[in-house]
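Everything below belongs to entry24.cif, which stores mmCIF, N, CA and C atoms.
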```
data_data
#
loop_
_atom_site.label_atom_id
_atom_site.label_comp_id
_atom_site.auth_asym_id
_atom_site.auth_seq_id
_atom_site.Cartn_x
_atom_site.Cartn_y
_atom_site.Cartn_z
N MET A 1 -70.91 -23.80 -93.44
CA MET A 1 -72.21 -23.67 -94.08
C MET A 1 -72.58 -24.96 -94.82
N GLU A 2 -71.58 -25.63 -95.36
CA GLU A 2 -71.83 -26.86 -96.09
C GLU A 2 -72.31 -27.96 -95.15
N GLY A 3 -71.77 -28.01 -93.94
CA GLY A 3 -72.20 -29.00 -92.94
C GLY A 3 -73.66 -28.80 -92.57
N ARG A 4 -74.07 -27.56 -92.47
CA ARG A 4 -75.47 -27.25 -92.14
C ARG A 4 -76.38 -27.74 -93.26
N SER A 5 -75.96 -27.61 -94.49
CA SER A 5 -76.76 -28.05 -95.62
C SER A 5 -76.92 -29.58 -95.62
N LYS A 6 -75.84 -30.29 -95.30
CA LYS A 6 -75.92 -31.74 -95.23
C LYS A 6 -76.83 -32.17 -94.08
N TYR A 7 -76.73 -31.47 -92.96
CA TYR A 7 -77.56 -31.76 -91.81
C TYR A 7 -79.04 -31.54 -92.15
N ASP A 8 -79.35 -30.45 -92.83
CA ASP A 8 -80.72 -30.18 -93.23
C ASP A 8 -81.24 -31.24 -94.19
N LYS A 9 -80.41 -31.67 -95.11
CA LYS A 9 -80.83 -32.70 -96.06
C LYS A 9 -81.13 -34.01 -95.36
N ILE A 10 -80.30 -34.35 -94.37
CA ILE A 10 -80.54 -35.58 -93.61
C ILE A 10 -81.84 -35.48 -92.82
N LEU A 11 -82.09 -34.33 -92.20
CA LEU A 11 -83.34 -34.15 -91.45
C LEU A 11 -84.56 -34.20 -92.36
N VAL A 12 -84.46 -33.59 -93.52
CA VAL A 12 -85.58 -33.62 -94.47
C VAL A 12 -85.83 -35.05 -94.95
N ARG A 13 -84.75 -35.79 -95.21
CA ARG A 13 -84.90 -37.17 -95.66
C ARG A 13 -85.55 -38.04 -94.57
N ILE A 14 -85.11 -37.87 -93.32
CA ILE A 14 -85.69 -38.63 -92.21
C ILE A 14 -87.15 -38.26 -92.01
N SER A 15 -87.47 -36.98 -92.07
CA SER A 15 -88.86 -36.57 -91.89
C SER A 15 -89.74 -37.08 -93.02
N ASN A 16 -89.22 -37.11 -94.24
CA ASN A 16 -90.00 -37.67 -95.35
C ASN A 16 -90.25 -39.16 -95.17
N ILE A 17 -89.26 -39.88 -94.67
CA ILE A 17 -89.45 -41.31 -94.40
C ILE A 17 -90.52 -41.51 -93.33
N LEU A 18 -90.45 -40.71 -92.26
CA LEU A 18 -91.45 -40.81 -91.20
C LEU A 18 -92.85 -40.46 -91.70
N LEU A 19 -92.95 -39.42 -92.52
CA LEU A 19 -94.25 -39.02 -93.04
C LEU A 19 -94.81 -40.09 -93.98
N ARG A 20 -93.96 -40.70 -94.78
CA ARG A 20 -94.43 -41.78 -95.66
C ARG A 20 -94.89 -42.98 -94.84
N TYR A 21 -94.20 -43.27 -93.76
CA TYR A 21 -94.63 -44.35 -92.87
C TYR A 21 -96.00 -44.02 -92.27
N LEU A 22 -96.17 -42.78 -91.81
CA LEU A 22 -97.46 -42.37 -91.25
C LEU A 22 -98.57 -42.44 -92.30
N MET A 23 -98.24 -42.10 -93.54
CA MET A 23 -99.22 -42.21 -94.61
C MET A 23 -99.63 -43.67 -94.82
N GLY A 24 -98.68 -44.59 -94.73
CA GLY A 24 -99.01 -46.00 -94.85
C GLY A 24 -99.89 -46.47 -93.72
N VAL A 25 -99.59 -46.02 -92.50
CA VAL A 25 -100.41 -46.39 -91.35
C VAL A 25 -101.83 -45.84 -91.51
N ILE A 26 -101.94 -44.60 -91.95
CA ILE A 26 -103.27 -44.01 -92.15
C ILE A 26 -104.03 -44.76 -93.22
N CYS A 27 -103.36 -45.12 -94.30
CA CYS A 27 -104.00 -45.88 -95.38
C CYS A 27 -104.51 -47.22 -94.86
N PHE A 28 -103.69 -47.91 -94.09
CA PHE A 28 -104.09 -49.19 -93.51
C PHE A 28 -105.29 -49.01 -92.59
N CYS A 29 -105.26 -47.97 -91.77
CA CYS A 29 -106.38 -47.70 -90.84
C CYS A 29 -107.65 -47.34 -91.61
N LEU A 30 -107.52 -46.61 -92.72
CA LEU A 30 -108.69 -46.27 -93.52
C LEU A 30 -109.31 -47.52 -94.13
N ILE A 31 -108.47 -48.44 -94.57
CA ILE A 31 -108.99 -49.70 -95.12
C ILE A 31 -109.73 -50.47 -94.03
N LEU A 32 -109.13 -50.58 -92.84
CA LEU A 32 -109.79 -51.28 -91.73
C LEU A 32 -111.08 -50.59 -91.30
N ALA A 33 -111.08 -49.26 -91.28
CA ALA A 33 -112.29 -48.52 -90.88
C ALA A 33 -113.40 -48.72 -91.90
N THR A 34 -113.06 -48.76 -93.18
CA THR A 34 -114.07 -48.98 -94.21
C THR A 34 -114.64 -50.39 -94.12
N ILE A 35 -113.78 -51.36 -93.86
CA ILE A 35 -114.25 -52.73 -93.68
C ILE A 35 -115.14 -52.82 -92.44
N GLY A 36 -114.74 -52.17 -91.37
CA GLY A 36 -115.54 -52.16 -90.14
C GLY A 36 -116.89 -51.49 -90.34
N LEU A 37 -116.92 -50.40 -91.09
CA LEU A 37 -118.18 -49.71 -91.38
C LEU A 37 -119.10 -50.61 -92.19
N THR A 38 -118.54 -51.28 -93.19
CA THR A 38 -119.35 -52.20 -94.00
C THR A 38 -119.89 -53.34 -93.15
N LYS A 39 -119.04 -53.87 -92.27
CA LYS A 39 -119.46 -54.95 -91.38
C LYS A 39 -120.58 -54.49 -90.45
N THR A 40 -120.45 -53.28 -89.91
CA THR A 40 -121.48 -52.74 -89.03
C THR A 40 -122.81 -52.59 -89.76
N LEU A 41 -122.75 -52.08 -90.98
CA LEU A 41 -123.98 -51.92 -91.76
C LEU A 41 -124.64 -53.26 -92.03
N ILE A 42 -123.86 -54.23 -92.46
CA ILE A 42 -124.42 -55.53 -92.80
C ILE A 42 -125.00 -56.21 -91.57
N ILE A 43 -124.26 -56.19 -90.47
CA ILE A 43 -124.74 -56.84 -89.25
C ILE A 43 -126.00 -56.17 -88.72
N ASP A 44 -126.02 -54.83 -88.70
CA ASP A 44 -127.20 -54.13 -88.19
C ASP A 44 -128.42 -54.31 -89.09
N LEU A 45 -128.19 -54.40 -90.38
CA LEU A 45 -129.33 -54.56 -91.28
C LEU A 45 -129.91 -55.97 -91.23
N PHE A 46 -129.07 -56.97 -91.07
CA PHE A 46 -129.56 -58.34 -91.04
C PHE A 46 -129.88 -58.85 -89.64
N LYS A 47 -129.47 -58.12 -88.61
CA LYS A 47 -129.69 -58.55 -87.23
C LYS A 47 -131.15 -58.44 -86.83
N SER A 48 -131.81 -57.40 -87.27
CA SER A 48 -133.20 -57.20 -86.86
C SER A 48 -134.07 -56.97 -88.10
N PRO A 49 -135.35 -57.22 -87.95
CA PRO A 49 -136.26 -56.97 -89.07
C PRO A 49 -136.28 -55.48 -89.42
N ILE A 50 -136.57 -55.19 -90.67
CA ILE A 50 -136.55 -53.80 -91.15
C ILE A 50 -137.51 -52.91 -90.36
N LEU A 51 -138.66 -53.44 -90.00
CA LEU A 51 -139.64 -52.62 -89.27
C LEU A 51 -139.20 -52.30 -87.85
N LEU A 52 -138.34 -53.14 -87.28
CA LEU A 52 -137.88 -52.91 -85.91
C LEU A 52 -136.47 -52.32 -85.86
N LEU A 53 -135.95 -51.90 -86.99
CA LEU A 53 -134.59 -51.35 -87.07
C LEU A 53 -134.54 -49.98 -86.40
N ASN A 54 -133.60 -49.79 -85.49
CA ASN A 54 -133.42 -48.50 -84.82
C ASN A 54 -132.57 -47.60 -85.72
N ALA A 55 -133.24 -46.80 -86.51
CA ALA A 55 -132.55 -45.99 -87.52
C ALA A 55 -131.69 -44.90 -86.90
N ASN A 56 -132.09 -44.37 -85.75
CA ASN A 56 -131.31 -43.30 -85.13
C ASN A 56 -129.93 -43.78 -84.72
N ASN A 57 -129.85 -44.93 -84.08
CA ASN A 57 -128.54 -45.46 -83.68
C ASN A 57 -127.71 -45.84 -84.89
N LEU A 58 -128.35 -46.45 -85.89
CA LEU A 58 -127.63 -46.86 -87.09
C LEU A 58 -127.07 -45.65 -87.83
N ILE A 59 -127.90 -44.64 -88.01
CA ILE A 59 -127.45 -43.44 -88.71
C ILE A 59 -126.35 -42.73 -87.93
N SER A 60 -126.50 -42.66 -86.61
CA SER A 60 -125.49 -42.01 -85.78
C SER A 60 -124.15 -42.73 -85.89
N ASP A 61 -124.16 -44.06 -85.77
CA ASP A 61 -122.91 -44.82 -85.85
C ASP A 61 -122.27 -44.71 -87.22
N VAL A 62 -123.09 -44.82 -88.25
CA VAL A 62 -122.57 -44.76 -89.61
C VAL A 62 -122.04 -43.37 -89.91
N PHE A 63 -122.76 -42.35 -89.49
CA PHE A 63 -122.34 -40.98 -89.77
C PHE A 63 -121.02 -40.66 -89.08
N GLN A 64 -120.88 -41.08 -87.82
CA GLN A 64 -119.63 -40.84 -87.11
C GLN A 64 -118.48 -41.61 -87.76
N SER A 65 -118.73 -42.83 -88.19
CA SER A 65 -117.68 -43.61 -88.85
C SER A 65 -117.26 -42.97 -90.16
N ILE A 66 -118.23 -42.50 -90.93
CA ILE A 66 -117.91 -41.86 -92.20
C ILE A 66 -117.11 -40.59 -91.96
N LEU A 67 -117.49 -39.80 -90.96
CA LEU A 67 -116.73 -38.59 -90.67
C LEU A 67 -115.30 -38.90 -90.25
N ILE A 68 -115.11 -39.95 -89.48
CA ILE A 68 -113.75 -40.33 -89.07
C ILE A 68 -112.94 -40.77 -90.28
N ILE A 69 -113.56 -41.51 -91.19
CA ILE A 69 -112.87 -41.94 -92.41
C ILE A 69 -112.51 -40.73 -93.28
N VAL A 70 -113.43 -39.78 -93.38
CA VAL A 70 -113.15 -38.58 -94.18
C VAL A 70 -112.02 -37.76 -93.56
N ILE A 71 -112.00 -37.65 -92.25
CA ILE A 71 -110.91 -36.93 -91.58
C ILE A 71 -109.58 -37.63 -91.84
N GLY A 72 -109.58 -38.95 -91.77
CA GLY A 72 -108.36 -39.70 -92.07
C GLY A 72 -107.90 -39.49 -93.49
N TYR A 73 -108.85 -39.47 -94.43
CA TYR A 73 -108.50 -39.25 -95.83
C TYR A 73 -107.93 -37.85 -96.03
N GLU A 74 -108.55 -36.85 -95.40
CA GLU A 74 -108.04 -35.49 -95.51
C GLU A 74 -106.65 -35.37 -94.89
N LEU A 75 -106.42 -36.06 -93.79
CA LEU A 75 -105.09 -36.07 -93.18
C LEU A 75 -104.09 -36.73 -94.11
N PHE A 76 -104.49 -37.82 -94.75
CA PHE A 76 -103.63 -38.49 -95.72
C PHE A 76 -103.26 -37.54 -96.86
N LYS A 77 -104.25 -36.80 -97.38
CA LYS A 77 -103.98 -35.84 -98.46
C LYS A 77 -103.05 -34.73 -97.99
N ALA A 78 -103.24 -34.25 -96.77
CA ALA A 78 -102.39 -33.19 -96.25
C ALA A 78 -100.95 -33.67 -96.08
N LEU A 79 -100.78 -34.90 -95.57
CA LEU A 79 -99.43 -35.45 -95.44
C LEU A 79 -98.79 -35.64 -96.81
N HIS A 80 -99.58 -36.03 -97.78
CA HIS A 80 -99.05 -36.18 -99.15
C HIS A 80 -98.58 -34.83 -99.69
N ILE A 81 -99.33 -33.79 -99.41
CA ILE A 81 -98.93 -32.44 -99.85
C ILE A 81 -97.65 -32.01 -99.13
N VAL A 82 -97.56 -32.30 -97.83
CA VAL A 82 -96.37 -31.93 -97.06
C VAL A 82 -95.14 -32.66 -97.59
N VAL A 83 -95.29 -33.94 -97.89
CA VAL A 83 -94.16 -34.72 -98.39
C VAL A 83 -93.69 -34.20 -99.75
N ASN A 84 -94.63 -33.79 -100.58
CA ASN A 84 -94.28 -33.36 -101.94
C ASN A 84 -94.00 -31.87 -102.07
N SER A 85 -94.04 -31.12 -100.99
CA SER A 85 -93.75 -29.69 -101.08
C SER A 85 -92.57 -29.34 -100.19
N ARG A 86 -92.00 -28.21 -100.44
CA ARG A 86 -90.84 -27.77 -99.66
C ARG A 86 -91.26 -27.07 -98.36
N ALA A 87 -92.43 -26.45 -98.37
CA ALA A 87 -92.91 -25.73 -97.19
C ALA A 87 -94.15 -26.44 -96.64
N ILE A 88 -94.44 -26.21 -95.39
CA ILE A 88 -95.63 -26.80 -94.78
C ILE A 88 -96.85 -26.02 -95.26
N PRO A 89 -97.79 -26.70 -95.91
CA PRO A 89 -98.99 -26.01 -96.39
C PRO A 89 -99.94 -25.73 -95.23
N ASP A 90 -100.28 -24.47 -95.04
CA ASP A 90 -101.09 -24.10 -93.89
C ASP A 90 -102.58 -24.28 -94.12
N LEU A 91 -103.06 -24.06 -95.33
CA LEU A 91 -104.50 -24.15 -95.59
C LEU A 91 -105.05 -25.57 -95.40
N PRO A 92 -104.41 -26.62 -95.94
CA PRO A 92 -104.95 -27.97 -95.68
C PRO A 92 -104.94 -28.36 -94.20
N ILE A 93 -103.97 -27.89 -93.46
CA ILE A 93 -103.93 -28.22 -92.03
C ILE A 93 -105.08 -27.55 -91.29
N VAL A 94 -105.41 -26.32 -91.65
CA VAL A 94 -106.56 -25.64 -91.04
C VAL A 94 -107.85 -26.34 -91.45
N GLN A 95 -107.93 -26.80 -92.70
CA GLN A 95 -109.13 -27.51 -93.14
C GLN A 95 -109.31 -28.82 -92.37
N ILE A 96 -108.23 -29.52 -92.12
CA ILE A 96 -108.30 -30.76 -91.33
C ILE A 96 -108.79 -30.45 -89.92
N ALA A 97 -108.28 -29.38 -89.34
CA ALA A 97 -108.71 -29.01 -87.99
C ALA A 97 -110.20 -28.66 -87.96
N ILE A 98 -110.69 -27.99 -88.99
CA ILE A 98 -112.12 -27.65 -89.06
C ILE A 98 -112.96 -28.92 -89.17
N ILE A 99 -112.54 -29.85 -90.00
CA ILE A 99 -113.29 -31.10 -90.16
C ILE A 99 -113.29 -31.88 -88.85
N ALA A 100 -112.14 -31.96 -88.20
CA ALA A 100 -112.06 -32.70 -86.94
C ALA A 100 -112.94 -32.05 -85.87
N LEU A 101 -112.93 -30.74 -85.81
CA LEU A 101 -113.77 -30.05 -84.81
C LEU A 101 -115.25 -30.21 -85.13
N ALA A 102 -115.59 -30.17 -86.42
CA ALA A 102 -116.99 -30.38 -86.80
C ALA A 102 -117.44 -31.79 -86.41
N ASN A 103 -116.57 -32.76 -86.56
CA ASN A 103 -116.88 -34.13 -86.14
C ASN A 103 -117.14 -34.17 -84.63
N LYS A 104 -116.33 -33.48 -83.88
CA LYS A 104 -116.51 -33.45 -82.42
C LYS A 104 -117.83 -32.78 -82.05
N ILE A 105 -118.17 -31.70 -82.74
CA ILE A 105 -119.41 -30.98 -82.45
C ILE A 105 -120.62 -31.84 -82.79
N ILE A 106 -120.55 -32.56 -83.90
CA ILE A 106 -121.66 -33.42 -84.29
C ILE A 106 -121.84 -34.56 -83.30
N ALA A 107 -120.73 -35.07 -82.78
CA ALA A 107 -120.80 -36.21 -81.87
C ALA A 107 -121.15 -35.81 -80.44
N LEU A 108 -121.27 -34.52 -80.15
CA LEU A 108 -121.61 -34.08 -78.79
C LEU A 108 -123.00 -34.53 -78.40
N ASP A 109 -123.14 -34.86 -77.15
CA ASP A 109 -124.45 -35.17 -76.59
C ASP A 109 -124.92 -33.92 -75.86
N VAL A 110 -125.89 -33.24 -76.45
CA VAL A 110 -126.33 -31.95 -75.94
C VAL A 110 -126.90 -32.06 -74.53
N LEU A 111 -127.52 -33.17 -74.21
CA LEU A 111 -128.15 -33.32 -72.90
C LEU A 111 -127.13 -33.58 -71.79
N ILE A 112 -125.97 -34.14 -72.15
CA ILE A 112 -124.98 -34.50 -71.13
C ILE A 112 -123.87 -33.45 -71.03
N ASP A 113 -123.37 -32.98 -72.15
CA ASP A 113 -122.22 -32.08 -72.14
C ASP A 113 -122.61 -30.69 -71.64
N ASP A 114 -121.65 -30.04 -71.01
CA ASP A 114 -121.85 -28.72 -70.42
C ASP A 114 -121.87 -27.65 -71.51
N TYR A 115 -122.57 -26.56 -71.28
CA TYR A 115 -122.64 -25.49 -72.25
C TYR A 115 -121.28 -24.82 -72.44
N LYS A 116 -120.40 -24.88 -71.43
CA LYS A 116 -119.08 -24.27 -71.55
C LYS A 116 -118.24 -25.01 -72.60
N ILE A 117 -118.42 -26.32 -72.70
CA ILE A 117 -117.71 -27.08 -73.73
C ILE A 117 -118.19 -26.63 -75.11
N MET A 118 -119.48 -26.46 -75.26
CA MET A 118 -120.03 -26.04 -76.56
C MET A 118 -119.58 -24.63 -76.92
N LEU A 119 -119.53 -23.74 -75.96
CA LEU A 119 -119.05 -22.39 -76.24
C LEU A 119 -117.57 -22.39 -76.61
N GLY A 120 -116.78 -23.21 -75.94
CA GLY A 120 -115.37 -23.32 -76.27
C GLY A 120 -115.16 -23.86 -77.67
N LEU A 121 -115.90 -24.90 -78.03
CA LEU A 121 -115.78 -25.45 -79.38
C LEU A 121 -116.25 -24.45 -80.43
N ALA A 122 -117.30 -23.70 -80.12
CA ALA A 122 -117.77 -22.67 -81.06
C ALA A 122 -116.73 -21.58 -81.25
N THR A 123 -116.05 -21.22 -80.17
CA THR A 123 -114.99 -20.20 -80.26
C THR A 123 -113.83 -20.70 -81.11
N ILE A 124 -113.43 -21.94 -80.89
CA ILE A 124 -112.33 -22.51 -81.67
C ILE A 124 -112.72 -22.61 -83.14
N LEU A 125 -113.96 -23.03 -83.41
CA LEU A 125 -114.41 -23.14 -84.80
C LEU A 125 -114.46 -21.78 -85.47
N THR A 126 -114.88 -20.76 -84.73
CA THR A 126 -114.89 -19.39 -85.28
C THR A 126 -113.48 -18.93 -85.60
N ALA A 127 -112.53 -19.19 -84.72
CA ALA A 127 -111.14 -18.80 -84.97
C ALA A 127 -110.57 -19.54 -86.17
N LEU A 128 -110.88 -20.82 -86.29
CA LEU A 128 -110.41 -21.58 -87.45
C LEU A 128 -111.04 -21.08 -88.75
N ALA A 129 -112.32 -20.72 -88.69
CA ALA A 129 -112.99 -20.20 -89.88
C ALA A 129 -112.38 -18.87 -90.31
N ILE A 130 -112.08 -18.02 -89.35
CA ILE A 130 -111.45 -16.73 -89.68
C ILE A 130 -110.06 -16.94 -90.27
N SER A 131 -109.29 -17.84 -89.67
CA SER A 131 -107.95 -18.11 -90.21
C SER A 131 -108.04 -18.75 -91.58
N HIS A 132 -109.01 -19.61 -91.81
CA HIS A 132 -109.20 -20.20 -93.15
C HIS A 132 -109.52 -19.13 -94.18
N TYR A 133 -110.42 -18.20 -93.80
CA TYR A 133 -110.77 -17.11 -94.70
C TYR A 133 -109.55 -16.24 -95.02
N LEU A 134 -108.79 -15.89 -93.99
CA LEU A 134 -107.62 -15.04 -94.20
C LEU A 134 -106.55 -15.75 -95.03
N LEU A 135 -106.32 -17.03 -94.76
CA LEU A 135 -105.33 -17.77 -95.56
C LEU A 135 -105.77 -17.91 -97.00
N ARG A 136 -107.06 -18.15 -97.23
CA ARG A 136 -107.56 -18.29 -98.60
C ARG A 136 -107.48 -16.96 -99.35
N SER A 137 -107.81 -15.85 -98.65
CA SER A 137 -107.72 -14.55 -99.30
C SER A 137 -106.26 -14.16 -99.57
N LYS A 138 -105.35 -14.61 -98.70
CA LYS A 138 -103.93 -14.34 -98.92
C LYS A 138 -103.41 -15.10 -100.15
N LYS A 139 -103.91 -16.32 -100.35
CA LYS A 139 -103.46 -17.12 -101.47
C LYS A 139 -103.98 -16.58 -102.81
N THR A 140 -105.16 -15.95 -102.81
CA THR A 140 -105.73 -15.44 -104.05
C THR A 140 -105.11 -14.11 -104.47
N GLN A 141 -104.45 -13.42 -103.54
CA GLN A 141 -103.85 -12.13 -103.88
C GLN A 141 -102.55 -12.28 -104.61
#
```
For this file, produce the structure as structure tokens.
Amino acid sequence: MEGRSKYDKILVRISNILLRYLMGVICFCLILATIGLTKTLIIDLFKSPILLLNANNLISDVFQSILIIVIGYELFKALHIVVNSRAIPDLPIVQIAIIALANKIIALDVLIDDYKIMLGLATILTALAISHYLLRSKKTQ
């Protein structure tokens, strides 16, 4: 039994090291994404005159970039919670999945994508919303 305990401690230590490394990679990527977003805004604003600025493309690009940065930040927070807790927290992981799916739904091109894809994403989002509700109600009891 003692050998199993040492084995578990080694696995937990290795997984914590890997998770901390992933957190560092995510942090670095978030910094690069924020710099890239700022660069995109500056270039698009100064590239063309204000009256000829294509606001739809600019807003779409900026909104998608911001959503990706927010998803990365939420993933960073979830990994931080996992590293600092003994059990895997289920509610933050479901929240990350909901945010990621919402990003995918927002980025869909309604004219090109098939209705079956949209129905599938709606079904997955409904299942995630129900599981989020049930997990939150379980935590409050």
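CA of Ile99 (chain A) is found 10.5 Å from atom N of Ile69 (chain A).
Taking atom N of Val83 (chain A) and atom C of Phe28 (chain A) as the two end points, the separation is 18.8 Å.
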Ground truth for the PyMOL selection byres (((chain A and resi 104 and name CA) around 12) and name CA), written as a ChimeraX atom specification: /A:64,67-68,71,97-103,105-110,113,117-118,120-122,124-125
Restrict the selected residues to N, CA and C atoms and save them as an mmCIF file, keeping the file's coordinate frame.
```
data_model
loop_
_atom_site.group_PDB
_atom_site.id
_atom_site.type_symbol
_atom_site.label_atom_id
_atom_site.label_comp_id
_atom_site.auth_asym_id
_atom_site.auth_seq_id
_atom_site.Cartn_x
_atom_site.Cartn_y
_atom_site.Cartn_z
ATOM 1 N N GLN A 64 -120.880 -41.080 -87.820
ATOM 2 C CA GLN A 64 -119.630 -40.840 -87.110
ATOM 3 C C GLN A 64 -118.480 -41.610 -87.760
ATOM 4 N N LEU A 67 -117.490 -39.800 -90.960
ATOM 5 C CA LEU A 67 -116.730 -38.590 -90.670
ATOM 6 C C LEU A 67 -115.300 -38.900 -90.250
ATOM 7 N N ILE A 68 -115.110 -39.950 -89.480
ATOM 8 C CA ILE A 68 -113.750 -40.330 -89.070
ATOM 9 C C ILE A 68 -112.940 -40.770 -90.280
ATOM 10 N N ILE A 71 -112.000 -37.650 -92.250
ATOM 11 C CA ILE A 71 -110.910 -36.930 -91.580
ATOM 12 C C ILE A 71 -109.580 -37.630 -91.840
ATOM 13 N N ALA A 97 -108.280 -29.380 -89.340
ATOM 14 C CA ALA A 97 -108.710 -29.010 -87.990
ATOM 15 C C ALA A 97 -110.200 -28.660 -87.960
ATOM 16 N N ILE A 98 -110.690 -27.990 -88.990
ATOM 17 C CA ILE A 98 -112.120 -27.650 -89.060
ATOM 18 C C ILE A 98 -112.960 -28.920 -89.170
ATOM 19 N N ILE A 99 -112.540 -29.850 -90.000
ATOM 20 C CA ILE A 99 -113.290 -31.100 -90.160
ATOM 21 C C ILE A 99 -113.290 -31.880 -88.850
ATOM 22 N N ALA A 100 -112.140 -31.960 -88.200
ATOM 23 C CA ALA A 100 -112.060 -32.700 -86.940
ATOM 24 C C ALA A 100 -112.940 -32.050 -85.870
ATOM 25 N N LEU A 101 -112.930 -30.740 -85.810
ATOM 26 C CA LEU A 101 -113.770 -30.050 -84.810
ATOM 27 C C LEU A 101 -115.250 -30.210 -85.130
ATOM 28 N N ALA A 102 -115.590 -30.170 -86.420
ATOM 29 C CA ALA A 102 -116.990 -30.380 -86.800
ATOM 30 C C ALA A 102 -117.440 -31.790 -86.410
ATOM 31 N N ASN A 103 -116.570 -32.760 -86.560
ATOM 32 C CA ASN A 103 -116.880 -34.130 -86.140
ATOM 33 C C ASN A 103 -117.140 -34.170 -84.630
ATOM 34 N N ILE A 105 -118.170 -31.700 -82.740
ATOM 35 C CA ILE A 105 -119.410 -30.980 -82.450
ATOM 36 C C ILE A 105 -120.620 -31.840 -82.790
ATOM 37 N N ILE A 106 -120.550 -32.560 -83.900
ATOM 38 C CA ILE A 106 -121.660 -33.420 -84.290
ATOM 39 C C ILE A 106 -121.840 -34.560 -83.300
ATOM 40 N N ALA A 107 -120.730 -35.070 -82.780
ATOM 41 C CA ALA A 107 -120.800 -36.210 -81.870
ATOM 42 C C ALA A 107 -121.150 -35.810 -80.440
ATOM 43 N N LEU A 108 -121.270 -34.520 -80.150
ATOM 44 C CA LEU A 108 -121.610 -34.080 -78.790
ATOM 45 C C LEU A 108 -123.000 -34.530 -78.400
ATOM 46 N N ASP A 109 -123.140 -34.860 -77.150
ATOM 47 C CA ASP A 109 -124.450 -35.170 -76.590
ATOM 48 C C ASP A 109 -124.920 -33.920 -75.860
ATOM 49 N N VAL A 110 -125.890 -33.240 -76.450
ATOM 50 C CA VAL A 110 -126.330 -31.950 -75.940
ATOM 51 C C VAL A 110 -126.900 -32.060 -74.530
ATOM 52 N N ASP A 113 -123.370 -32.980 -72.150
ATOM 53 C CA ASP A 113 -122.220 -32.080 -72.140
ATOM 54 C C ASP A 113 -122.610 -30.690 -71.640
ATOM 55 N N ILE A 117 -118.420 -26.320 -72.700
ATOM 56 C CA ILE A 117 -117.710 -27.080 -73.730
ATOM 57 C C ILE A 117 -118.190 -26.630 -75.110
ATOM 58 N N MET A 118 -119.480 -26.460 -75.260
ATOM 59 C CA MET A 118 -120.030 -26.040 -76.560
ATOM 60 C C MET A 118 -119.580 -24.630 -76.920
ATOM 61 N N GLY A 120 -116.780 -23.210 -75.940
ATOM 62 C CA GLY A 120 -115.370 -23.320 -76.270
ATOM 63 C C GLY A 120 -115.160 -23.860 -77.670
ATOM 64 N N LEU A 121 -115.900 -24.900 -78.030
ATOM 65 C CA LEU A 121 -115.780 -25.450 -79.380
ATOM 66 C C LEU A 121 -116.250 -24.450 -80.430
ATOM 67 N N ALA A 122 -117.300 -23.700 -80.120
ATOM 68 C CA ALA A 122 -117.770 -22.670 -81.060
ATOM 69 C C ALA A 122 -116.730 -21.580 -81.250
ATOM 70 N N ILE A 124 -113.430 -21.940 -80.890
ATOM 71 C CA ILE A 124 -112.330 -22.510 -81.670
ATOM 72 C C ILE A 124 -112.720 -22.610 -83.140
ATOM 73 N N LEU A 125 -113.960 -23.030 -83.410
ATOM 74 C CA LEU A 125 -114.410 -23.140 -84.800
ATOM 75 C C LEU A 125 -114.460 -21.780 -85.470
#
```
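Closest approach to Pro92 (chain A) from the set A:Asn16, A:Ser5, A:Ser131, A:Gln141 is made by A:Ser131, with distances taken over only C-alpha atoms.
From atom C of Ala127 (chain A) back to atom N of Lys139 (chain A), the distance works out to 16.0 Å.
Counting only C-alpha atoms and comparing A:Tyr7, A:Val12, A:Ile88, A:Gly72, the residue that lies closest to Cys29 (chain A) is A:Gly72.
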Using all atoms listed in the file, what does the table of region 57-115 of chain A residues within 8 Å of region 32-45 of chain A look like, with each row giving the shortest atom pair and its distance in Å to one decimal, sorted by chain and ascending number, as a tab-separated table?
```
residue	atom	partner	partner_atom	distance
A:Leu58	CA	A:Asp44	CA	7.4
A:Asp61	C	A:Leu37	CA	7.7
A:Val62	CA	A:Leu37	CA	6.8
A:Ser65	CA	A:Leu37	CA	6.6
A:Ile66	N	A:Leu37	CA	7.2
A:Ile68	C	A:Ala33	CA	7.8
A:Ile69	CA	A:Ala33	CA	6.8
```
Given all atoms listed in the file as the counted atoms, nearest of A:Ser15, A:Ser48, A:Thr140, A:Gln95 to Leu75 (chain A): A:Gln95
Of the listed residues A:Tyr73, A:Ile93, A:Lys6, A:Ile112, that which approaches Ile26 (chain A) most closely, counting all atoms listed in the file: A:Tyr73
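Minimum atom-to-atom distances from A:Leu119, A:Phe76, A:Ala129, A:Pro89 to Cys27 (chain A) were compared using only N, CA and C atoms, and the lowest value belongs to A:Phe76.
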